[in-house]
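Student: Hey, dropping data.cif in here, mmCIF, C-alpha atoms and all ligand atoms:
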```cif
data_coords
#
loop_
_atom_site.label_atom_id
_atom_site.label_comp_id
_atom_site.auth_asym_id
_atom_site.auth_seq_id
_atom_site.Cartn_x
_atom_site.Cartn_y
_atom_site.Cartn_z
CA MET A 656 89.74 166.18 111.94
CA TYR A 657 86.22 167.42 111.28
CA ALA A 658 83.91 165.27 113.35
CA SER A 659 80.61 166.32 111.82
CA ASN A 660 79.23 165.63 108.37
CA ASP A 661 80.15 169.17 107.36
CA ILE A 662 82.58 169.62 104.47
CA PRO A 663 84.91 172.55 105.15
CA PHE A 664 86.06 174.84 102.38
CA LEU A 665 89.62 174.27 103.56
CA ASP A 666 91.21 171.91 106.09
CA LEU A 667 94.32 173.44 107.62
CA VAL A 668 94.41 171.07 110.59
CA THR A 669 94.90 167.58 109.10
CA PRO A 670 98.22 168.28 107.31
CA HIS A 671 99.63 169.82 110.50
CA VAL A 672 98.54 166.88 112.64
CA GLU A 673 100.21 164.51 110.16
CA LEU A 674 103.46 166.51 110.37
CA GLU A 675 103.28 167.32 114.09
CA GLU A 676 106.64 165.80 115.07
CA GLU A 677 108.62 167.49 112.31
CA LEU A 678 106.89 170.84 112.83
CA THR A 679 107.42 170.93 116.57
CA ALA A 680 111.09 170.03 116.03
CA VAL A 681 111.36 173.33 114.12
CA PHE A 682 110.14 175.24 117.19
CA ARG A 683 112.66 173.43 119.37
CA ARG A 684 115.50 174.20 116.97
CA ALA A 685 114.60 177.90 116.93
CA LEU A 686 114.14 178.09 120.69
CA PHE A 687 117.36 176.32 121.57
CA THR A 688 119.53 178.13 119.03
CA ALA A 689 117.76 181.49 119.57
CA GLY A 690 117.67 181.76 115.78
CA PHE A 691 114.51 183.79 115.29
CA VAL A 692 115.20 186.13 112.35
CA GLY A 693 117.37 185.23 109.36
CA GLY A 694 120.08 182.60 109.77
CA PRO A 695 120.39 179.03 108.51
CA MET A 696 116.71 178.08 108.69
CA VAL A 697 115.79 180.93 106.34
CA GLU A 698 118.70 180.25 103.98
CA GLU A 699 117.99 176.52 103.83
CA PHE A 700 114.37 177.20 102.96
CA GLU A 701 115.33 179.77 100.33
CA GLN A 702 117.57 177.25 98.57
CA ALA A 703 114.95 174.51 98.76
CA PHE A 704 112.15 176.72 97.46
CA ALA A 705 114.29 178.01 94.57
CA ALA A 706 115.07 174.39 93.67
CA PHE A 707 111.36 173.50 93.80
CA CYS A 708 110.63 176.35 91.40
CA ASP A 709 113.50 175.43 89.02
CA ALA A 710 114.87 178.92 89.77
CA LYS A 711 118.33 180.08 90.76
CA HIS A 712 117.32 182.15 93.80
CA SER A 713 114.47 182.82 96.17
CA VAL A 714 114.36 185.47 98.86
CA ALA A 715 112.15 184.71 101.86
CA LEU A 716 109.95 187.59 102.91
CA ASN A 717 107.17 188.29 105.36
CA SER A 718 104.36 188.27 102.79
CA GLY A 719 103.49 187.79 99.16
CA THR A 720 102.51 191.45 99.00
CA ASP A 721 106.01 192.53 100.00
CA ALA A 722 107.46 189.95 97.62
CA LEU A 723 105.57 191.51 94.71
CA ARG A 724 106.28 195.10 95.79
CA PHE A 725 110.02 194.42 96.24
CA ALA A 726 110.20 192.47 92.96
CA ILE A 727 108.60 195.40 91.12
CA MET A 728 110.99 197.90 92.74
CA ALA A 729 114.02 195.67 92.15
CA CYS A 730 113.16 195.38 88.45
CA GLY A 731 113.68 199.12 88.14
CA ILE A 732 110.04 200.16 87.87
CA GLU A 733 110.04 203.79 88.93
CA PRO A 734 107.45 206.00 90.60
CA GLY A 735 105.03 207.25 87.95
CA HIS A 736 105.49 204.25 85.66
CA VAL A 737 102.40 202.33 84.56
CA VAL A 738 102.22 198.63 85.41
CA VAL A 739 99.41 196.70 83.75
CA THR A 740 97.64 193.83 85.45
CA VAL A 741 94.19 192.26 85.71
CA PRO A 742 91.17 193.50 87.68
CA HIS A 743 90.19 189.93 88.62
CA THR A 744 92.67 189.29 91.44
CA PHE A 745 93.23 189.96 95.12
CA ILE A 746 93.88 193.63 95.85
CA ALA A 747 97.43 192.83 97.01
CA THR A 748 98.43 192.74 93.32
CA THR A 749 97.58 196.41 92.79
CA GLU A 750 98.62 197.43 96.31
CA ALA A 751 102.10 196.15 95.51
CA ILE A 752 102.13 198.15 92.27
CA SER A 753 100.82 201.39 93.85
CA GLN A 754 102.98 201.09 96.93
CA ALA A 755 106.04 200.72 94.71
CA GLY A 756 105.03 204.17 93.43
CA ALA A 757 103.73 202.89 90.08
CA ILE A 758 100.28 203.27 88.54
CA PRO A 759 98.16 200.15 88.02
CA GLU A 760 96.13 199.93 84.79
CA PHE A 761 93.90 197.02 83.94
CA ILE A 762 93.59 194.47 81.15
CA ASP A 763 90.43 192.37 81.08
CA ILE A 764 90.59 188.63 81.61
CA ASP A 765 89.95 185.65 79.37
CA GLU A 766 86.48 184.26 80.09
CA ASN A 767 87.66 180.64 80.12
CA THR A 768 90.83 180.79 82.19
CA TYR A 769 90.06 183.93 84.28
CA ASN A 770 93.65 185.02 83.58
CA MET A 771 94.91 188.00 81.57
CA SER A 772 93.46 188.10 78.06
CA VAL A 773 96.22 188.25 75.48
CA GLU A 774 93.82 189.82 72.96
CA ARG A 775 92.93 192.61 75.39
CA LEU A 776 96.62 193.12 76.25
CA GLN A 777 97.49 193.45 72.57
CA GLU A 778 94.57 195.86 72.07
CA TYR A 779 95.76 197.96 75.03
CA LEU A 780 99.30 198.13 73.67
CA GLU A 781 98.17 198.91 70.11
CA GLN A 782 95.25 201.24 70.77
CA GLY A 783 95.52 202.31 74.43
CA CYS A 784 99.08 203.59 74.11
CA SER A 785 101.11 205.90 71.89
CA ARG A 786 104.80 206.75 71.53
CA ASP A 787 106.27 210.01 72.80
CA ALA A 788 109.01 211.98 71.04
CA SER A 789 111.73 209.77 72.54
CA GLY A 790 109.89 206.61 71.50
CA ARG A 791 108.62 205.66 74.96
CA LEU A 792 105.32 203.81 75.20
CA ILE A 793 102.80 206.15 76.85
CA SER A 794 99.42 205.14 78.26
CA LYS A 795 96.68 207.29 76.75
CA ARG A 796 94.68 206.91 79.98
CA SER A 797 97.28 208.28 82.42
CA GLN A 798 99.76 209.90 80.01
CA ARG A 799 102.51 207.99 81.85
CA PRO A 800 105.17 205.62 80.48
CA VAL A 801 104.21 201.96 80.53
CA ALA A 802 106.98 199.88 82.10
CA ALA A 803 105.77 196.45 83.12
CA ILE A 804 103.15 193.72 82.99
CA VAL A 805 102.11 191.74 86.07
CA PRO A 806 100.22 188.63 84.97
CA VAL A 807 98.50 186.85 87.85
CA HIS A 808 98.47 183.04 87.81
CA LEU A 809 95.04 182.91 89.40
CA TYR A 810 93.57 179.88 91.17
CA GLY A 811 96.81 177.92 90.55
CA GLN A 812 96.83 178.17 86.74
CA MET A 813 99.46 180.07 84.81
CA ALA A 814 98.59 182.85 82.42
CA ASP A 815 99.51 182.42 78.72
CA MET A 816 103.12 183.39 79.31
CA ASP A 817 104.59 182.80 75.83
CA SER A 818 102.07 185.27 74.35
CA ILE A 819 102.51 187.79 77.17
CA LEU A 820 106.31 187.62 76.91
CA ARG A 821 106.15 187.99 73.13
CA LEU A 822 104.16 191.23 73.49
CA ALA A 823 106.37 192.39 76.37
CA ASN A 824 109.48 191.90 74.24
CA GLN A 825 107.88 193.62 71.28
CA TYR A 826 107.04 196.68 73.41
CA GLY A 827 110.11 196.64 75.70
CA LEU A 828 108.20 195.85 78.90
CA THR A 829 109.31 193.93 81.98
CA VAL A 830 107.21 190.97 83.11
CA ILE A 831 106.88 190.27 86.83
CA GLU A 832 104.74 187.24 87.71
CA ASP A 833 102.24 187.28 90.56
CA ALA A 834 102.59 183.58 91.35
CA CYS A 835 101.09 183.96 94.83
CA GLN A 836 98.48 181.27 94.10
CA ALA A 837 100.52 179.05 91.81
CA HIS A 838 103.34 177.18 93.62
CA GLY A 839 104.39 174.41 91.26
CA ALA A 840 101.99 175.25 88.43
CA GLU A 841 103.45 174.59 84.98
CA TYR A 842 103.18 176.04 81.49
CA PHE A 843 104.31 174.40 78.29
CA SER A 844 106.34 177.00 76.46
CA GLY A 845 106.15 176.34 72.73
CA LYS A 846 109.00 178.80 72.32
CA LEU A 847 111.32 176.95 74.71
CA ASN A 848 109.76 173.57 73.90
CA ARG A 849 109.51 172.54 77.57
CA TRP A 850 107.36 172.79 80.66
CA MET A 851 108.20 175.85 82.77
CA LYS A 852 107.35 176.35 86.43
CA ALA A 853 105.38 179.35 87.67
CA GLY A 854 107.72 182.13 88.70
CA THR A 855 110.52 181.36 86.26
CA MET A 856 109.35 182.96 83.04
CA GLY A 857 109.28 186.63 84.02
CA ARG A 858 112.24 188.67 85.27
CA ALA A 859 111.10 188.13 88.83
CA SER A 860 108.09 186.71 90.60
CA ALA A 861 106.24 186.70 93.89
CA PHE A 862 104.80 183.85 95.97
CA SER A 863 102.58 183.98 99.04
CA PHE A 864 102.74 181.45 101.86
CA TYR A 865 99.58 182.70 103.56
CA PRO A 866 98.22 179.70 105.51
CA GLY A 867 95.58 178.65 102.96
CA LYS A 868 97.96 178.64 100.00
CA ASN A 869 99.19 175.36 98.42
CA LEU A 870 102.34 175.91 100.48
CA GLY A 871 101.18 177.77 103.58
CA ALA A 872 103.08 178.98 106.63
CA CYS A 873 101.65 178.95 110.17
CA GLY A 874 101.40 182.73 109.89
CA GLU A 875 102.44 185.29 107.28
CA ALA A 876 105.18 184.58 104.72
CA GLY A 877 106.14 185.05 101.08
CA ALA A 878 109.08 184.85 98.69
CA ALA A 879 110.45 186.61 95.64
CA VAL A 880 112.07 184.43 92.98
CA SER A 881 114.49 185.43 90.23
CA ASP A 882 117.47 184.13 88.28
CA ASP A 883 119.01 187.61 88.17
CA PRO A 884 121.59 188.18 90.96
CA ALA A 885 121.19 191.97 90.78
CA ILE A 886 117.42 191.69 91.37
CA VAL A 887 117.97 189.22 94.20
CA ALA A 888 120.52 191.54 95.86
CA LYS A 889 118.11 194.48 95.59
CA VAL A 890 115.20 192.51 97.07
CA LYS A 891 117.45 191.43 99.95
CA MET A 892 118.35 195.06 100.63
CA LEU A 893 114.73 196.18 100.47
CA ARG A 894 113.68 193.51 102.99
CA ASP A 895 116.37 194.56 105.45
CA HIS A 896 116.25 198.35 105.82
CA GLY A 897 118.33 198.99 102.72
CA GLN A 898 121.48 197.41 104.11
CA ALA A 899 123.73 194.78 102.58
CA LYS A 900 126.21 195.26 105.46
CA LYS A 901 124.80 195.74 108.97
CA TYR A 902 124.16 199.43 109.78
CA TYR A 903 125.43 200.62 106.38
CA HIS A 904 122.26 201.70 104.59
CA ASP A 905 122.63 202.34 100.86
CA ILE A 906 118.92 203.06 100.45
CA GLU A 907 115.88 203.35 102.67
CA GLY A 908 114.32 199.91 102.82
CA TYR A 909 111.68 198.10 104.82
CA ASN A 910 111.37 195.41 107.42
CA GLY A 911 110.20 192.61 105.15
CA ARG A 912 112.12 189.74 106.73
CA LEU A 913 110.74 186.27 107.37
CA ASP A 914 110.86 184.69 110.85
CA SER A 915 113.14 181.64 111.05
CA ILE A 916 110.36 179.57 112.61
CA GLN A 917 108.11 180.20 109.59
CA ALA A 918 110.97 179.33 107.22
CA GLY A 919 111.58 176.08 109.11
CA LEU A 920 107.88 175.17 109.07
CA LEU A 921 107.65 175.95 105.36
CA HIS A 922 110.71 173.80 104.69
CA VAL A 923 109.06 170.81 106.36
CA LYS A 924 105.87 171.32 104.37
CA LEU A 925 107.73 171.97 101.09
CA ALA A 926 108.80 168.30 101.04
CA HIS A 927 105.08 167.42 100.62
CA LEU A 928 104.09 170.12 98.15
CA ALA A 929 104.55 168.13 94.93
CA ASN A 930 102.43 165.32 96.35
CA TRP A 931 99.77 167.72 97.64
CA ASN A 932 99.63 169.40 94.23
CA THR A 933 99.10 166.01 92.58
CA GLN A 934 96.29 165.30 95.03
CA ARG A 935 94.71 168.66 94.21
CA ARG A 936 94.87 167.83 90.49
CA ASP A 937 93.21 164.48 91.20
CA ARG A 938 90.49 166.19 93.28
CA ALA A 939 89.93 168.67 90.43
CA ALA A 940 89.61 165.83 87.90
CA GLU A 941 87.05 164.18 90.18
CA TYR A 942 84.97 167.39 90.39
CA ASP A 943 85.23 167.71 86.58
CA ARG A 944 83.86 164.19 86.24
CA LEU A 945 81.09 164.63 88.80
CA LEU A 946 79.90 167.95 87.38
CA ALA A 947 80.34 167.15 83.68
CA GLY A 948 76.65 166.44 83.15
CA ASN A 949 75.47 169.61 84.86
CA ASP A 950 75.01 172.26 82.21
CA ALA A 951 74.08 174.88 84.81
CA VAL A 952 77.69 175.11 85.96
CA THR A 953 80.95 175.91 84.16
CA CYS A 954 83.93 173.92 85.38
CA PRO A 955 87.51 175.26 85.30
CA TYR A 956 89.15 175.24 81.87
CA GLU A 957 92.72 173.97 81.60
CA PRO A 958 94.33 174.66 78.20
CA SER A 959 96.65 171.97 76.82
CA TRP A 960 99.67 174.13 77.70
CA SER A 961 98.72 174.28 81.38
CA ARG A 962 99.24 172.01 84.38
CA ALA A 963 97.30 173.84 87.06
CA VAL A 964 97.76 173.14 90.77
CA TYR A 965 94.19 174.06 91.77
CA HIS A 966 94.81 176.43 94.64
CA LEU A 967 91.07 176.92 94.14
CA TYR A 968 88.45 174.97 92.20
CA VAL A 969 86.15 177.66 90.85
CA ILE A 970 82.89 177.03 89.01
CA GLY A 971 80.62 179.56 87.35
CA THR A 972 76.83 179.59 87.64
CA ASP A 973 73.99 182.07 87.12
CA ASP A 974 72.47 181.97 90.61
CA ARG A 975 75.75 181.91 92.47
CA ASP A 976 74.39 183.41 95.70
CA GLY A 977 71.47 180.99 95.77
CA MET A 978 73.83 178.06 95.24
CA MET A 979 76.10 179.23 98.05
CA ARG A 980 73.12 179.52 100.41
CA HIS A 981 71.99 176.02 99.47
CA LEU A 982 75.47 174.57 100.03
CA LYS A 983 75.82 176.38 103.34
CA GLU A 984 72.55 174.89 104.57
CA ALA A 985 73.90 171.48 103.54
CA GLY A 986 77.01 172.10 105.67
CA ILE A 987 79.34 172.71 102.73
CA GLY A 988 81.84 175.58 102.87
CA THR A 989 82.41 177.75 99.80
CA GLY A 990 84.10 181.07 98.97
CA ILE A 991 84.12 183.81 96.32
CA HIS A 992 87.45 184.80 94.81
CA TYR A 993 86.66 187.64 94.36
CA PRO A 994 83.20 189.23 94.67
CA VAL A 995 84.14 192.75 93.54
CA PRO A 996 86.68 193.23 90.71
CA LEU A 997 89.38 195.75 91.47
CA HIS A 998 88.15 198.33 88.95
CA LEU A 999 84.91 198.58 90.96
CA GLN A 1000 86.44 198.66 94.44
CA ASN A 1001 85.93 201.81 96.55
CA ALA A 1002 89.70 202.03 96.91
CA TYR A 1003 89.91 202.70 93.16
CA ALA A 1004 86.83 204.91 92.74
CA HIS A 1005 89.19 207.75 91.77
CA MET A 1006 90.15 205.77 88.65
CA ASN A 1007 86.58 206.28 87.37
CA TYR A 1008 86.15 202.86 85.82
CA SER A 1009 82.72 201.51 84.99
CA PRO A 1010 81.60 197.85 84.99
CA GLN A 1011 81.67 197.85 81.15
CA ASP A 1012 85.34 198.79 81.03
CA PHE A 1013 86.26 195.19 81.88
CA PRO A 1014 83.05 193.27 81.12
CA VAL A 1015 84.51 189.78 81.45
CA ALA A 1016 85.91 190.46 84.92
CA THR A 1017 82.68 192.18 85.96
CA ARG A 1018 80.57 189.24 84.80
CA ALA A 1019 82.91 186.63 86.34
CA ALA A 1020 82.72 188.28 89.77
CA GLY A 1021 78.95 187.74 89.81
CA ARG A 1022 79.07 184.08 88.77
CA ILE A 1023 82.03 182.42 90.46
CA VAL A 1024 82.01 180.19 93.50
CA SER A 1025 84.97 178.28 94.92
CA LEU A 1026 84.19 174.73 96.07
CA PRO A 1027 85.95 172.87 98.91
CA MET A 1028 89.47 172.10 97.68
CA PHE A 1029 92.39 170.72 99.66
CA PRO A 1030 94.63 167.67 99.18
CA GLN A 1031 92.91 165.59 101.87
CA LEU A 1032 89.40 166.13 100.44
CA ARG A 1033 87.74 162.72 100.07
CA ALA A 1034 85.89 161.35 97.04
CA ASP A 1035 82.73 160.75 99.10
CA GLN A 1036 82.82 164.39 100.25
CA GLN A 1037 83.15 165.52 96.62
CA ALA A 1038 80.24 163.32 95.61
CA ARG A 1039 78.12 165.00 98.28
CA VAL A 1040 79.18 168.47 97.08
CA ALA A 1041 78.27 167.54 93.48
CA ASP A 1042 74.99 165.99 94.62
CA GLU A 1043 73.99 169.15 96.50
CA ILE A 1044 74.91 171.23 93.46
CA TYR A 1045 72.63 169.05 91.33
CA ALA A 1046 69.90 169.31 93.97
CA PHE A 1047 70.13 173.08 93.68
CA THR A 1048 70.48 173.44 89.91
CA SER A 1049 67.71 170.94 89.19
CA LYS A 1050 65.35 173.41 90.89
CA THR A 1051 66.26 175.91 88.16
CA ALA A 1052 63.91 175.29 85.23
CA GLY A 1053 65.46 173.46 82.31
CA SER A 1054 68.96 173.62 83.75
CA ARG A 1055 69.84 169.96 83.63
CA GLU A 1056 67.26 167.97 81.74
CA GLY A 1057 68.74 164.73 80.60
CA SER A 1058 71.80 164.88 82.85
CA GLU A 1059 72.37 162.09 85.29
CA LYS A 1060 71.95 162.32 89.02
CA VAL A 1061 75.15 161.77 90.92
CA VAL A 1062 74.80 158.77 93.18
CA LEU A 1063 76.39 159.06 96.60
CA SER A 1064 78.91 156.35 97.17
C1 LIG B 1101 96.99 186.83 93.65
C2 LIG B 1101 97.59 187.26 94.96
N1 LIG B 1101 98.54 188.21 94.96
C3 LIG B 1101 99.12 188.62 96.09
C4 LIG B 1101 98.77 188.09 97.32
C5 LIG B 1101 99.39 188.62 98.57
O1 LIG B 1101 100.00 187.63 99.38
P1 LIG B 1101 100.07 187.83 100.96
O2 LIG B 1101 98.70 187.65 101.52
O3 LIG B 1101 101.03 186.77 101.41
O4 LIG B 1101 100.60 189.20 101.22
C6 LIG B 1101 97.80 187.09 97.37
C7 LIG B 1101 97.39 186.49 98.65
O5 LIG B 1101 96.27 186.16 98.89
C8 LIG B 1101 97.19 186.67 96.16
O6 LIG B 1101 96.23 185.74 96.15
#
```
Give the structure from the file, written as structure tokens.

Tutor:
Amino acid sequence: MYASNDIPFLDLVTPHVELEEELTAVFRRALFTAGFVGGPMVEEFEQAFAAFCDAKHSVALNSGTDALRFAIMACGIEPGHVVVTVPHTFIATTEAISQAGAIPEFIDIDENTYNMSVERLQEYLEQGCSRDASGRLISKRSQRPVAAIVPVHLYGQMADMDSILRLANQYGLTVIEDACQAHGAEYFSGKLNRWMKAGTMGRASAFSFYPGKNLGACGEAGAAVSDDPAIVAKVKMLRDHGQAKKYYHDIEGYNGRLDSIQAGLLHVKLAHLANWNTQRRDRAAEYDRLLAGNDAVTCPYEPSWSRAVYHLYVIGTDDRDGMMRHLKEAGIGTGIHYPVPLHLQNAYAHMNYSPQDFPVATRAAGRIVSLPMFPQLRADQQARVADEIYAFTSKTAGSREGSEKVVLS
């Protein structure tokens, strides 16, 4: 769909052109049945998405942010409770925590996977917390009870869930997964001795269907996933003004419902998600191969227990901004996910964190760059991306002596 030689960061047009007939049929169905909010299209999608996740239930919502906020509230996290998460994520993670009334506190990330560091989590629980007279775990930083952990499966790769769940169980904490970037990602649980899908290991989880996600709507959408019927019922109430029966409001809720048209469009696209994820993994393997000889860049690290779905392909390099400028001039789109870690955002200045509080996240934010990544990305486009990266890094003294030049095919 892109006529020029440019390589976009993301191509949201081609998959929609390929599915045009099926997608427009969804509009017709909604228009002619006047089914715009709720109804069969939403329920059918909920069942199909739960099945895709190997979960019992999913609840369709209007965003991943609401999905995470409602999941946190439905898990019984109360105002004033501490919920720990990572600083290297999109701000929606901590917005969901704060807007559920809880207090976000941070755990630094692992420098290889960019996900929550189990060592830092253990250190936080052992040294950053104490027990009060009734035995509750209290954060020394905020003097508030610690209630939950929100690991983020960033870039399409799951966090080390066995280790996180082991610590959570040891300390009596609830785990709620931010799976907004990880539809279909898998983790080999040594404890369960099988591969587990993102969103099924915690008590509840949240997915985003923002257009650029591996499964993206043609607008805003998200879903909460859980096997627990009580959590599912609570999320359903929260999304619909606190009512289980029309006009009988047991609690004050929100309008977090998903449009039927978006549910229908997502259902059409869901049928292709497994294939698209496989294509993303193939594209990632191709980048790995092309960039393997370039010691000026760090490619993504996938532990043996992980099958990532590469929502993003993120490399690390010293002169990140220079590389991005070079790639832009060559017509190659890139992104930074994310340039400022949450502990250094203006929104959280009142928390008084310094860059050294979470040094790995601080350093990562200055080095990372996301390369073009989408299922339809072609091998010749990837070769050109790698070639331009070599062209740039070879200008940096001593960065790639002895490594081979990538030949454009
Ligand atoms: C890690 C993470 N959490 C939460 C969200 C929020 O999802 P949404 O944009 O659908 O509200 C996103 C979306 O970008 C995300 O990447």

Student: Lys711 in chain A: which residues within 12 Å, counting all atoms listed in the file, same-chain residues fewer than 5 positions away excluded, as number ranges by chain?

Tutor: A: 701-706, 854-855, 858-859, 879-884, 886-887

Student: Please find the residues contacting ligand LIG 1101 (chain B) at a distance of at most 8 Å between atoms, with all atoms listed in the file counted, and report them as a list in words.

Tutor: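 Checked against 8 Å with all atoms listed in the file; the hits are Asn717, Ser718, Gly719, Thr720, Asp721, Ala722, Leu723, Thr744, Phe745, Ile746, Ala747, Thr748, Val807, His808, Leu809, Asp833, Ala834, Cys835, Gln836, Ala861, Phe862, Ser863, Phe864, Tyr865, Lys868, Glu875, Ala876 and Gly877 of chain A.
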
Student: To one decimal place, how far is CA of Arg962 in chain A from CA of Gly990 in chain A in Å?

Tutor: 22.9 Å

Student: Around range 701-716 of chain A, fit a box with edges along x, y and z, padding it by 3 Å on each side, then list its centre and edge lengths in Å to one decimal as AutoDock Vina command-line options.

Tutor:
```
--center_x 114.1 --center_y 180.5 --center_z 96.0 --size_x 14.4 --size_y 20.1 --size_z 19.9
```

Student: Smallest atom-to-atom distance to Ala939 in chain A: which of A:Met1028, A:Ala853, A:Ala1041, A:Ala788, using all atoms listed in the file?

Tutor: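 Closest to Ala939 in chain A, using all atoms listed in the file: A:Met1028.
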
Student: Just how far from CA of Thr1017 in chain A is CA of Thr953 in chain A, in Å to one decimal?

Tutor: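 Separating CA of Thr953 in chain A from CA of Thr1017 in chain A is a distance of 16.5 Å.
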
Student: If we count only C-alpha atoms and set the cut-off at 9 Å, which residues sit around range 797-806 of chain A, ignoring sequence neighbours fewer than 2 positions away in its own chain? Please answer as an MDAnalysis selection string.

Tutor: chainID A and resid 727 732:733 735:741 748 752 758 760 770:771 784 787 791:795 808:809 813:816 819 823 827:834

Student: Would you please work out which residue, of A:Gly790, A:Leu780, A:Ser860, A:Pro734, is nearest to Asn824 in chain A when using all atoms listed in the file?

Tutor: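 Once distances to Asn824 in chain A are computed over all atoms listed in the file, the minimum belongs to A:Leu780.
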
Student: What is the distance, in Å and to one decimal place, between CA of Met978 in chain A and CA of Ile1044 in chain A?

Tutor: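 Taking CA of Met978 in chain A and CA of Ile1044 in chain A, their separation equals 7.1 Å.
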
Student: Starting from the block above, write range 959-977 of chain A out to a file with N, CA and C atoms, as a short mmCIF file (atom, residue, chain, number, x, y, z; two decimals), in the first residue's frame, please.

Tutor:
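The result, written out as out-v1.cif:
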```cif
data_model
loop_
_atom_site.label_atom_id
_atom_site.label_comp_id
_atom_site.auth_asym_id
_atom_site.auth_seq_id
_atom_site.Cartn_x
_atom_site.Cartn_y
_atom_site.Cartn_z
N SER A 959 14.61 -18.86 27.17
CA SER A 959 14.10 -20.14 26.65
C SER A 959 12.65 -20.38 27.06
N TRP A 960 12.22 -19.74 28.16
CA TRP A 960 10.83 -19.94 28.61
C TRP A 960 9.84 -19.01 27.94
N SER A 961 10.30 -18.24 26.95
CA SER A 961 9.42 -17.24 26.35
C SER A 961 9.19 -17.51 24.87
N ARG A 962 7.92 -17.34 24.44
CA ARG A 962 7.62 -17.22 23.01
C ARG A 962 6.96 -15.87 22.82
N ALA A 963 7.79 -14.89 22.45
CA ALA A 963 7.29 -13.51 22.34
C ALA A 963 6.54 -13.32 21.02
N VAL A 964 5.63 -12.35 21.00
CA VAL A 964 4.86 -12.09 19.77
C VAL A 964 5.24 -10.75 19.14
N TYR A 965 6.36 -10.17 19.59
CA TYR A 965 6.97 -9.01 18.94
C TYR A 965 5.96 -7.95 18.54
N HIS A 966 5.21 -7.46 19.53
CA HIS A 966 4.43 -6.25 19.27
C HIS A 966 5.38 -5.17 18.77
N LEU A 967 6.57 -5.13 19.37
CA LEU A 967 7.61 -4.20 18.93
C LEU A 967 8.93 -4.96 18.85
N TYR A 968 9.78 -4.55 17.91
CA TYR A 968 11.14 -5.09 17.85
C TYR A 968 12.05 -3.94 18.25
N VAL A 969 12.60 -4.06 19.47
CA VAL A 969 13.33 -2.94 20.08
C VAL A 969 14.81 -3.27 20.20
N ILE A 970 15.65 -2.43 19.62
CA ILE A 970 17.09 -2.61 19.78
C ILE A 970 17.64 -1.51 20.70
N GLY A 971 18.81 -1.76 21.25
CA GLY A 971 19.47 -0.75 22.08
C GLY A 971 20.75 -0.31 21.40
N THR A 972 21.05 0.98 21.49
CA THR A 972 22.30 1.49 20.91
C THR A 972 22.69 2.79 21.59
N ASP A 973 23.99 3.09 21.60
CA ASP A 973 24.46 4.26 22.35
C ASP A 973 23.94 5.58 21.78
N ASP A 974 24.11 5.76 20.46
CA ASP A 974 23.65 7.02 19.85
C ASP A 974 22.27 6.80 19.22
N ARG A 975 21.31 6.56 20.08
CA ARG A 975 19.97 6.25 19.61
C ARG A 975 19.39 7.39 18.76
N ASP A 976 19.53 8.64 19.24
CA ASP A 976 18.91 9.75 18.52
C ASP A 976 19.56 9.94 17.15
N GLY A 977 20.88 9.77 17.11
CA GLY A 977 21.59 9.88 15.83
C GLY A 977 21.11 8.80 14.87
#
```
